[in-house]
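> Next comes the structure file query-v1.cif, holding mmCIF, C-alpha atoms.
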data_model
#
loop_
_atom_site.label_atom_id
_atom_site.label_comp_id
_atom_site.auth_asym_id
_atom_site.auth_seq_id
_atom_site.Cartn_x
_atom_site.Cartn_y
_atom_site.Cartn_z
CA MET A 14 0.00 0.00 0.00
CA THR A 15 1.31 3.44 -0.89
CA ALA A 16 2.16 6.09 1.68
CA GLY A 17 -0.60 8.24 0.21
CA ASP A 18 -3.22 5.55 0.76
CA ARG A 19 -1.97 5.10 4.29
CA ARG A 20 -2.44 8.84 4.95
CA HIS A 21 -5.97 8.78 3.50
CA ILE A 22 -6.97 5.83 5.67
CA GLU A 23 -5.51 7.46 8.79
CA ALA A 24 -7.37 10.68 7.99
CA PHE A 25 -10.61 8.72 7.70
CA LEU A 26 -9.95 7.00 11.05
CA GLU A 27 -9.26 10.36 12.71
CA MET A 28 -12.55 11.67 11.38
CA ALA A 29 -14.41 8.57 12.61
CA SER A 30 -12.91 9.05 16.06
CA ALA A 31 -13.33 12.82 16.35
CA GLU A 32 -16.67 13.37 14.60
CA ARG A 33 -18.47 10.08 15.18
CA GLY A 34 -16.93 9.08 18.48
CA ALA A 35 -16.08 5.62 17.16
CA ALA A 36 -14.80 3.24 19.83
CA LYS A 37 -11.27 1.85 19.76
CA ASN A 38 -12.48 -1.62 18.78
CA THR A 39 -14.44 -0.12 15.88
CA LEU A 40 -11.43 1.88 14.72
CA ASP A 41 -9.21 -1.20 14.94
CA ALA A 42 -11.68 -3.16 12.82
CA TYR A 43 -11.84 -0.35 10.25
CA ARG A 44 -8.04 -0.25 10.11
CA ARG A 45 -7.75 -4.00 9.51
CA ASP A 46 -10.43 -3.99 6.84
CA LEU A 47 -9.08 -0.94 5.01
CA ASP A 48 -5.45 -2.11 5.19
CA ASP A 49 -6.59 -5.32 3.49
CA TYR A 50 -8.47 -3.31 0.85
CA GLY A 51 -5.50 -1.00 0.29
CA GLY A 52 -3.17 -3.98 -0.10
CA PHE A 53 -5.48 -5.51 -2.70
CA LEU A 54 -5.60 -2.27 -4.68
CA ALA A 55 -1.81 -1.91 -4.52
CA ALA A 56 -1.47 -5.34 -6.15
CA LEU A 57 -3.60 -4.02 -9.02
CA GLY A 58 -1.46 -0.91 -9.33
CA ARG A 59 -4.24 1.31 -8.01
CA GLY A 60 -5.01 3.27 -4.86
CA VAL A 61 -8.01 4.45 -2.91
CA THR A 62 -8.23 7.68 -4.93
CA THR A 63 -8.11 5.89 -8.31
CA ALA A 64 -10.05 2.65 -7.65
CA THR A 65 -13.05 2.02 -9.90
CA ALA A 66 -16.33 0.24 -9.21
CA ASP A 67 -14.91 -2.80 -11.04
CA ASP A 68 -11.92 -2.77 -8.67
CA VAL A 69 -14.24 -2.86 -5.67
CA ARG A 70 -16.21 -5.72 -7.27
CA ALA A 71 -12.94 -7.56 -7.83
CA TYR A 72 -12.10 -7.06 -4.16
CA LEU A 73 -15.44 -8.58 -3.13
CA ALA A 74 -14.81 -11.51 -5.46
CA ASP A 75 -11.37 -11.96 -3.88
CA LEU A 76 -12.94 -12.04 -0.42
CA SER A 77 -15.29 -14.76 -1.61
CA ASP A 78 -12.39 -16.74 -3.07
CA ARG A 79 -10.63 -16.48 0.29
CA GLY A 80 -13.63 -18.06 1.98
CA PHE A 81 -15.15 -15.00 3.63
CA LYS A 82 -18.80 -15.41 4.62
CA ALA A 83 -21.30 -12.98 3.13
CA SER A 84 -21.70 -11.27 6.51
CA SER A 85 -17.93 -10.72 6.85
CA ALA A 86 -17.62 -9.47 3.27
CA ALA A 87 -20.54 -7.10 3.86
CA ARG A 88 -18.77 -5.67 6.91
CA ARG A 89 -15.63 -5.04 4.88
CA LEU A 90 -17.66 -3.44 2.10
CA SER A 91 -19.24 -1.15 4.70
CA ALA A 92 -15.78 0.08 5.73
CA VAL A 93 -14.79 0.57 2.08
CA ARG A 94 -18.00 2.50 1.40
CA GLN A 95 -17.38 4.82 4.33
CA LEU A 96 -13.81 5.45 3.23
CA HIS A 97 -14.86 6.36 -0.30
CA LYS A 98 -17.72 8.52 0.95
CA PHE A 99 -15.18 10.36 3.11
CA LEU A 100 -12.76 10.82 0.20
CA TYR A 101 -15.56 12.13 -2.02
CA GLY A 102 -16.87 14.46 0.67
CA ASP A 103 -13.40 15.91 1.27
CA GLY A 104 -12.84 16.52 -2.44
CA LEU A 105 -10.09 13.90 -2.71
CA ARG A 106 -12.14 12.11 -5.36
CA SER A 107 -14.66 13.37 -7.88
CA ASP A 108 -16.82 10.26 -7.52
CA ASP A 109 -17.71 7.40 -5.18
CA PRO A 110 -17.06 4.03 -6.85
CA THR A 111 -19.17 2.20 -4.26
CA ALA A 112 -22.32 4.27 -4.76
CA ALA A 113 -24.04 1.87 -7.17
CA LEU A 114 -22.66 -1.38 -5.76
CA GLU A 115 -24.84 -4.03 -4.15
CA GLY A 116 -23.47 -5.77 -1.11
CA PRO A 117 -22.99 -9.52 -0.85
CA ARG A 118 -26.32 -11.30 -0.46
CA ARG A 119 -26.69 -12.65 3.02
CA GLY A 120 -28.60 -15.90 3.01
CA ARG A 121 -31.16 -16.15 5.74
CA PRO A 122 -29.86 -18.71 8.23
CA LEU A 123 -31.75 -21.98 8.30
CA PRO A 124 -33.54 -22.65 11.56
CA LYS A 125 -32.00 -25.08 14.00
CA ILE A 126 -34.23 -28.12 14.27
CA LEU A 127 -34.32 -31.45 16.03
CA SER A 128 -35.04 -34.73 14.26
CA VAL A 129 -38.17 -36.69 15.13
CA ASP A 130 -36.01 -39.17 17.05
CA GLU A 131 -34.35 -36.36 19.01
CA MET A 132 -37.74 -34.87 19.87
CA GLU A 133 -38.96 -38.23 21.13
CA ARG A 134 -35.84 -38.65 23.28
CA LEU A 135 -36.27 -35.13 24.66
CA ILE A 136 -39.92 -35.69 25.60
CA VAL A 137 -39.09 -39.01 27.29
CA ALA A 138 -36.28 -37.37 29.28
CA ALA A 139 -38.55 -34.48 30.26
CA GLY A 140 -41.19 -36.84 31.66
CA ASP A 141 -38.73 -38.96 33.66
CA ALA A 142 -39.10 -38.04 37.34
CA GLY A 143 -36.33 -40.38 38.46
CA PRO A 144 -36.27 -43.82 40.14
CA GLU A 145 -37.91 -42.76 43.42
CA PRO A 146 -39.74 -39.53 42.64
CA THR A 147 -41.31 -37.29 45.21
CA PRO A 148 -44.70 -35.71 44.44
CA ARG A 149 -42.88 -32.47 43.66
CA ALA A 150 -40.55 -34.24 41.23
CA ARG A 151 -43.51 -35.97 39.56
CA LEU A 152 -45.24 -32.61 39.13
CA ALA A 153 -42.11 -30.99 37.65
CA ALA A 154 -41.68 -33.87 35.20
CA ALA A 155 -45.36 -33.86 34.22
CA ARG A 156 -45.28 -30.10 33.66
CA LEU A 157 -42.17 -30.21 31.49
CA ALA A 158 -43.49 -33.15 29.47
CA CYS A 159 -46.76 -31.26 28.98
CA LEU A 160 -44.92 -28.13 27.86
CA LEU A 161 -42.92 -30.12 25.30
CA GLU A 162 -45.89 -32.09 23.98
CA VAL A 163 -47.99 -28.94 23.56
CA ALA A 164 -45.10 -26.97 22.02
CA TYR A 165 -44.33 -29.75 19.53
CA ALA A 166 -48.02 -30.26 18.73
CA THR A 167 -48.87 -26.60 18.16
CA GLY A 168 -45.74 -24.62 17.31
CA LEU A 169 -46.70 -21.94 19.83
CA ARG A 170 -44.26 -19.15 20.59
CA VAL A 171 -42.74 -19.59 24.04
CA SER A 172 -44.59 -16.55 25.41
CA GLU A 173 -47.88 -17.99 24.11
CA LEU A 174 -47.05 -21.41 25.57
CA VAL A 175 -46.16 -20.43 29.14
CA GLY A 176 -49.10 -18.01 29.24
CA LEU A 177 -51.79 -20.51 28.21
CA PRO A 178 -55.03 -20.18 30.19
CA ARG A 179 -56.34 -23.11 32.21
CA SER A 180 -59.26 -23.32 29.75
CA ALA A 181 -56.85 -24.62 27.09
CA ALA A 182 -56.87 -27.98 28.90
CA ARG A 183 -60.65 -28.47 28.78
CA PRO A 184 -61.33 -32.20 28.15
CA ALA A 185 -63.50 -31.46 25.11
CA ALA A 186 -61.09 -28.93 23.59
CA GLN A 187 -59.90 -29.89 20.12
CA ALA A 188 -57.94 -26.69 19.53
CA ILE A 189 -56.38 -23.77 21.39
CA ALA A 190 -57.40 -20.19 20.71
CA VAL A 191 -54.22 -18.09 20.76
CA LYS A 192 -53.76 -14.33 20.59
CA GLY A 193 -50.36 -13.76 18.97
CA LYS A 194 -48.33 -10.84 17.71
CA GLY A 195 -50.29 -7.74 16.82
CA GLY A 196 -53.31 -9.08 18.69
CA ARG A 197 -54.05 -11.53 15.86
CA GLU A 198 -56.07 -14.54 16.99
CA ARG A 199 -55.70 -18.04 15.57
CA LEU A 200 -56.89 -21.55 16.32
CA VAL A 201 -54.25 -24.26 16.71
CA PRO A 202 -55.35 -27.93 16.73
CA LEU A 203 -54.37 -30.17 19.65
CA THR A 204 -53.04 -33.69 19.14
CA PRO A 205 -54.20 -36.62 21.30
CA LEU A 206 -50.71 -36.85 22.83
CA ALA A 207 -50.81 -33.18 23.83
CA LYS A 208 -54.25 -33.60 25.40
CA GLU A 209 -53.07 -36.71 27.26
CA ALA A 210 -50.02 -34.79 28.56
CA MET A 211 -52.31 -32.00 29.77
CA THR A 212 -54.50 -34.49 31.62
CA SER A 213 -51.49 -36.13 33.31
CA TYR A 214 -50.09 -32.76 34.30
CA LEU A 215 -53.37 -31.53 35.79
CA ALA A 216 -53.62 -34.78 37.77
CA ALA A 217 -50.12 -34.23 39.18
CA LEU A 218 -51.08 -30.64 39.99
CA ALA A 219 -54.14 -31.86 41.88
CA ASP A 220 -52.04 -34.41 43.80
CA MET A 221 -50.00 -31.50 45.13
CA GLY A 222 -53.17 -29.72 46.26
CA ARG A 223 -52.66 -26.95 43.72
CA ASP A 224 -55.78 -27.51 41.61
CA ALA A 225 -57.32 -24.22 42.69
CA GLY A 226 -58.83 -23.38 39.33
CA GLY A 227 -56.60 -20.37 38.73
CA PRO A 228 -56.45 -18.61 35.36
CA TRP A 229 -53.15 -20.15 34.17
CA LEU A 230 -52.38 -23.63 32.92
CA PHE A 231 -48.83 -23.35 34.24
CA PRO A 232 -49.15 -21.31 37.47
CA ALA A 233 -46.02 -20.12 39.24
CA PRO A 234 -45.02 -17.50 41.81
CA GLY A 235 -44.12 -14.11 40.38
CA ASP A 236 -45.63 -10.99 38.91
CA SER A 237 -47.12 -12.73 35.87
CA GLY A 238 -48.66 -15.56 37.88
CA HIS A 239 -47.46 -18.16 35.39
CA LEU A 240 -44.25 -19.96 34.46
CA THR A 241 -41.62 -17.70 32.94
CA ARG A 242 -39.91 -18.39 29.65
CA GLN A 243 -36.53 -18.30 31.41
CA VAL A 244 -37.47 -21.12 33.80
CA PHE A 245 -38.85 -23.19 30.92
CA ALA A 246 -35.66 -22.67 28.89
CA ARG A 247 -33.51 -23.73 31.86
CA GLU A 248 -35.55 -26.89 32.49
CA LEU A 249 -35.54 -27.69 28.78
CA LYS A 250 -31.75 -27.56 28.57
CA ALA A 251 -31.47 -29.83 31.62
CA ALA A 252 -33.78 -32.34 29.91
CA ALA A 253 -31.67 -32.12 26.75
CA ALA A 254 -28.58 -33.09 28.74
CA ARG A 255 -30.44 -36.07 30.24
CA ALA A 256 -31.50 -37.12 26.73
CA GLY A 257 -27.90 -37.07 25.51
CA LEU A 258 -28.45 -33.97 23.37
CA SER A 259 -26.31 -30.85 23.36
CA PRO A 260 -28.09 -28.24 25.52
CA ALA A 261 -26.77 -25.58 23.13
CA LYS A 262 -28.84 -27.19 20.37
CA VAL A 263 -32.11 -27.03 22.30
CA SER A 264 -34.23 -23.99 23.14
CA PRO A 265 -37.96 -23.23 23.31
CA HIS A 266 -37.82 -21.68 19.83
CA VAL A 267 -36.19 -24.82 18.42
CA LEU A 268 -39.36 -26.71 19.38
CA ARG A 269 -41.35 -24.31 17.19
CA HIS A 270 -38.92 -24.91 14.33
CA ALA A 271 -39.23 -28.68 14.79
CA PHE A 272 -43.03 -28.46 14.65
CA ALA A 273 -43.01 -26.52 11.37
CA SER A 274 -40.17 -28.40 9.67
CA HIS A 275 -41.58 -31.84 10.46
CA LEU A 276 -45.03 -30.80 9.18
CA VAL A 277 -43.61 -29.48 5.90
CA GLN A 278 -41.38 -32.53 5.55
CA ASN A 279 -44.43 -34.77 5.80
CA GLY A 280 -46.32 -32.87 3.12
CA ALA A 281 -48.29 -30.23 5.05
CA ASP A 282 -49.58 -27.26 3.07
CA LEU A 283 -47.39 -24.22 3.64
CA ARG A 284 -50.41 -21.93 4.04
CA ALA A 285 -51.77 -24.13 6.82
CA VAL A 286 -48.40 -24.09 8.57
CA GLN A 287 -48.32 -20.29 8.22
CA GLN A 288 -51.72 -20.00 9.90
CA MET A 289 -50.77 -22.31 12.77
CA LEU A 290 -47.51 -20.45 13.39
CA GLY A 291 -49.28 -17.10 13.25
CA HIS A 292 -46.99 -15.64 10.58
CA ALA A 293 -48.41 -12.51 8.97
CA ASP A 294 -46.39 -13.10 5.80
CA ILE A 295 -45.91 -16.49 4.15
CA ALA A 296 -42.39 -15.42 3.19
CA THR A 297 -41.48 -15.96 6.85
CA THR A 298 -42.85 -19.51 6.69
CA GLN A 299 -41.04 -20.33 3.46
CA ILE A 300 -37.76 -20.79 5.30
CA TYR A 301 -39.05 -24.23 6.28
CA THR A 302 -39.04 -25.35 2.65
CA HIS A 303 -35.34 -26.16 3.12
CA VAL A 304 -36.51 -29.60 4.25
CA LEU A 305 -38.19 -30.03 0.85
CA ASP A 306 -34.91 -29.17 -0.86
CA GLU A 307 -33.21 -31.89 1.19
CA ARG A 308 -35.93 -34.36 0.28
CA ALA A 309 -35.68 -33.47 -3.41
CA ARG A 310 -31.92 -34.01 -3.37
CA ALA A 311 -32.41 -37.35 -1.63
CA MET A 312 -34.97 -38.41 -4.24
CA VAL A 313 -32.63 -37.57 -7.10
CA ARG A 314 -29.78 -39.37 -5.38
CA ASP A 315 -31.80 -42.49 -4.58
CA LEU A 316 -34.22 -42.76 -7.49
CA HIS A 317 -32.59 -41.15 -10.53
CA PRO A 318 -30.82 -43.73 -12.75
CA LEU A 319 -27.67 -41.65 -12.71
CA GLY A 320 -28.05 -40.42 -9.14
CA ASP A 321 -25.22 -42.56 -7.82
CA VAL A 322 -22.76 -41.69 -10.59
CA ALA A 323 -19.90 -39.55 -9.30
CA SER A 324 -19.92 -36.11 -10.85
#
Take the structure from the file and write it as structure tokens.


Amino acid sequence: MTAGDRRHIEAFLEMASAERGAAKNTLDAYRRDLDDYGGFLAALGRGVTTATADDVRAYLADLSDRGFKASSAARRLSAVRQLHKFLYGDGLRSDDPTAALEGPRRGRPLPKILSVDEMERLIVAAGDAGPEPTPRARLAAARLACLLEVAYATGLRVSELVGLPRSAARPAAQAIAVKGKGGRERLVPLTPLAKEAMTSYLAALADMGRDAGGPWLFPAPGDSGHLTRQVFARELKAAAARAGLSPAKVSPHVLRHAFASHLVQNGADLRAVQQMLGHADIATTQIYTHVLDERARAMVRDLHPLGDVAS
């Protein structure tokens, strides 16, 4: 990198510090990113005051070739954009070569999900109260098993799940009425296993003398009057460890992903899944079609006459 480019980058960093109050870590990151950019331009025989839009595109392509993720490349492009905007604003360039550039496309991350077998292991572990359980241990196990069965059967958000009313467990209930984001109401069907888990949990609750007919299905001390999402998440991770699963892989939201992914994988209509999840836009639900892509690849591999031929 030329001495001139080094001066321009330092001037930009001074401006970011003095005028924007950028933190030291931010300035260090800018310096690393821009030193890399300046070194790339120097190899092309160019500098930051002479680089063209094609040079910046070539730099992005080089980042991709070096294995940079789209998010990392986008961060570097952000630093390059700010440098060129600074040079243009200070009259050191007559144009900004990054003005019309699009950043690297960041693919939406696929949701973490559990397999059907992993879900079954998790539910079994949740309902295990131990070899010689106390009534309190039986209640805790029944509650956690109920939470998992209902979550996996309905795809409820964790806030909707822990805040279910006692009326959701009515013996004749075939569905749960849920008020979700934006006050939108939806009906979510209940499976026989979820209803059975509710019945077992309410029986354990009654055995502890806590069947007082309160408003919440999962009552607990505290301001809300019901189980908190934090307590549920903690108990869920403990059950994951007992099931031989990585606790880092399991969270309340992963149960929602498992519900949707397994439905789509088994042929459920995407619109129906959207309604049960309470998504306002089907584009949000379409992320679960990744399981269809996997199934399509497996079909080609297993059924196509040339599927097992090495490419």

> Write out, as a tab-separated table, each residue of stretch 103-184 of chain A that has an atom at most 10 Å from stretch 48-63 of chain A, together with the closest pair of atoms and their distance in Å to one decimal, counting only C-alpha atoms, rows going by chain and rising number.


residue	atom	partner	partner_atom	distance
A:Leu105	CA	A:Thr62	CA	6.9
A:Arg106	CA	A:Thr62	CA	5.9
A:Ser107	CA	A:Thr62	CA	9.1
A:Asp108	CA	A:Thr62	CA	9.3
A:Asp109	CA	A:Thr62	CA	9.5
A:Pro110	CA	A:Thr63	CA	9.3

> Can you pull out every residue within 8 Å of stretch 177-192 of chain A, counting only C-alpha atoms, but drop anything in the same chain fewer than 4 positions away, and send it as a CSV table (one decimal) with C-alpha atoms, in the coordinates of the input?


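Writing done, so here's out.csv:
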chain,number,residue,atom,x,y,z
A,173,GLU,CA,-47.9,-18.0,24.1
A,196,GLY,CA,-53.3,-9.1,18.7
A,197,ARG,CA,-54.0,-11.5,15.9
A,198,GLU,CA,-56.1,-14.5,17.0
A,199,ARG,CA,-55.7,-18.0,15.6
A,200,LEU,CA,-56.9,-21.6,16.3
A,201,VAL,CA,-54.2,-24.3,16.7
A,202,PRO,CA,-55.4,-27.9,16.7
A,203,LEU,CA,-54.4,-30.2,19.6
A,204,THR,CA,-53.0,-33.7,19.1
A,208,LYS,CA,-54.2,-33.6,25.4
A,211,MET,CA,-52.3,-32.0,29.8
A,212,THR,CA,-54.5,-34.5,31.6
A,226,GLY,CA,-58.8,-23.4,39.3
A,227,GLY,CA,-56.6,-20.4,38.7
A,228,PRO,CA,-56.4,-18.6,35.4
A,229,TRP,CA,-53.2,-20.2,34.2
A,230,LEU,CA,-52.4,-23.6,32.9
A,231,PHE,CA,-48.8,-23.4,34.2

> Could you state which residues are captured by the PyMOL selection byres ((chain A and resi 73-78) around 12) in this file, as a ChimeraX atom specification?

/A:46,49-50,53-54,66-72,79-91,93,111,114-118

> Choose the residue, out of A:Ala256, A:Met28, A:Ile136, A:Ala293, that has the smallest atom-to-atom separation from A:Ala166; count only C-alpha atoms.

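Of all the options, A:Ile136 lies closest to A:Ala166.
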
> Take atom CA of A:Ala285 and atom CA of A:Pro265 and report the distance between them in Å, one decimal.

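Those two atoms sit 21.5 Å apart.
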
> For A:Tyr165, which residue among A:Arg94, A:His275, A:Arg284, A:Arg269 is the nearest when counting only C-alpha atoms?

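Closest to A:Tyr165, using only C-alpha atoms: A:Arg269.
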
> Point out the residue among A:Ala246, A:Leu276, A:Leu47, A:Val175 with the least atom-to-atom distance to A:Lys262, counting all atoms listed in the file.

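Using all atoms listed in the file, the shortest distance to A:Lys262 belongs to A:Ala246.
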
> One number please: atom CA of A:Ala217 to atom CA of A:Ser264, in Å, one decimal.

24.8 Å

> Find the residues near A:Ala154: any atom within 7 Å, counting all atoms listed in the file, skip ones fewer than 2 places away on the same chain, and give them as a list in words.

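Close residues of A:Ala154: Ala139, Gly140, Asp141, Ala142, Ala150, Arg151, Leu152, Arg156, Leu157 and Ala158 of chain A.
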
> List as a PDB file with C-alpha atoms, in the frame of the given file the protein and nucleic acid residues near A:Leu40, meaning an atom at most 12 Å away when only C-alpha atoms are counted, but skip any in the same chain fewer than 4 places from it.


ATOM      1  CA  ILE A  22      -6.970   5.830   5.670  1.00  0.00           C
ATOM      2  CA  GLU A  23      -5.510   7.460   8.790  1.00  0.00           C
ATOM      3  CA  ALA A  24      -7.370  10.680   7.990  1.00  0.00           C
ATOM      4  CA  PHE A  25     -10.610   8.720   7.700  1.00  0.00           C
ATOM      5  CA  LEU A  26      -9.950   7.000  11.050  1.00  0.00           C
ATOM      6  CA  GLU A  27      -9.260  10.360  12.710  1.00  0.00           C
ATOM      7  CA  MET A  28     -12.550  11.670  11.380  1.00  0.00           C
ATOM      8  CA  ALA A  29     -14.410   8.570  12.610  1.00  0.00           C
ATOM      9  CA  SER A  30     -12.910   9.050  16.060  1.00  0.00           C
ATOM     10  CA  ALA A  31     -13.330  12.820  16.350  1.00  0.00           C
ATOM     11  CA  ARG A  33     -18.470  10.080  15.180  1.00  0.00           C
ATOM     12  CA  GLY A  34     -16.930   9.080  18.480  1.00  0.00           C
ATOM     13  CA  ALA A  35     -16.080   5.620  17.160  1.00  0.00           C
ATOM     14  CA  ALA A  36     -14.800   3.240  19.830  1.00  0.00           C
ATOM     15  CA  ARG A  44      -8.040  -0.250  10.110  1.00  0.00           C
ATOM     16  CA  ARG A  45      -7.750  -4.000   9.510  1.00  0.00           C
ATOM     17  CA  ASP A  46     -10.430  -3.990   6.840  1.00  0.00           C
ATOM     18  CA  LEU A  47      -9.080  -0.940   5.010  1.00  0.00           C
ATOM     19  CA  ASP A  48      -5.450  -2.110   5.190  1.00  0.00           C
ATOM     20  CA  ALA A  92     -15.780   0.080   5.730  1.00  0.00           C
TER      21      ALA A  92
END

> So which one's closest to A:Cys159, A:Glu145, A:Leu135, A:Arg223, A:Ile126? Using all atoms listed in the file, please.

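Distance minimum relative to A:Cys159 lands on A:Leu135.
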
> Record the distance separating atom CA of A:Gly143 and atom CA of A:Asp220, expressed in Å with one decimal.

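Result for atom CA of A:Gly143 versus atom CA of A:Asp220: 17.6 Å, one decimal.
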
> Could you give me, as a PyMOL selection string, the residues that sit within 12 Å of (-42.6, -20.6, 23.6) in the file's coordinates, counting only C-alpha atoms?

chain A and resi 160-165+167-177+193+240-246+249+264-270+272+290

> Can you work out which one of A:Thr302, A:Ala155, A:Gln95, A:Arg20 has the shortest atom-to-atom distance to A:Asn279, counting all atoms listed in the file?

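Looking only at the distances to A:Asn279, the closest residue turns out to be A:Thr302.
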
> May I ask which of the residues A:Ala219, A:Asp294, A:Ala138, A:Tyr301 is the closest one to A:Ala251, counting all atoms listed in the file?

A:Ala138
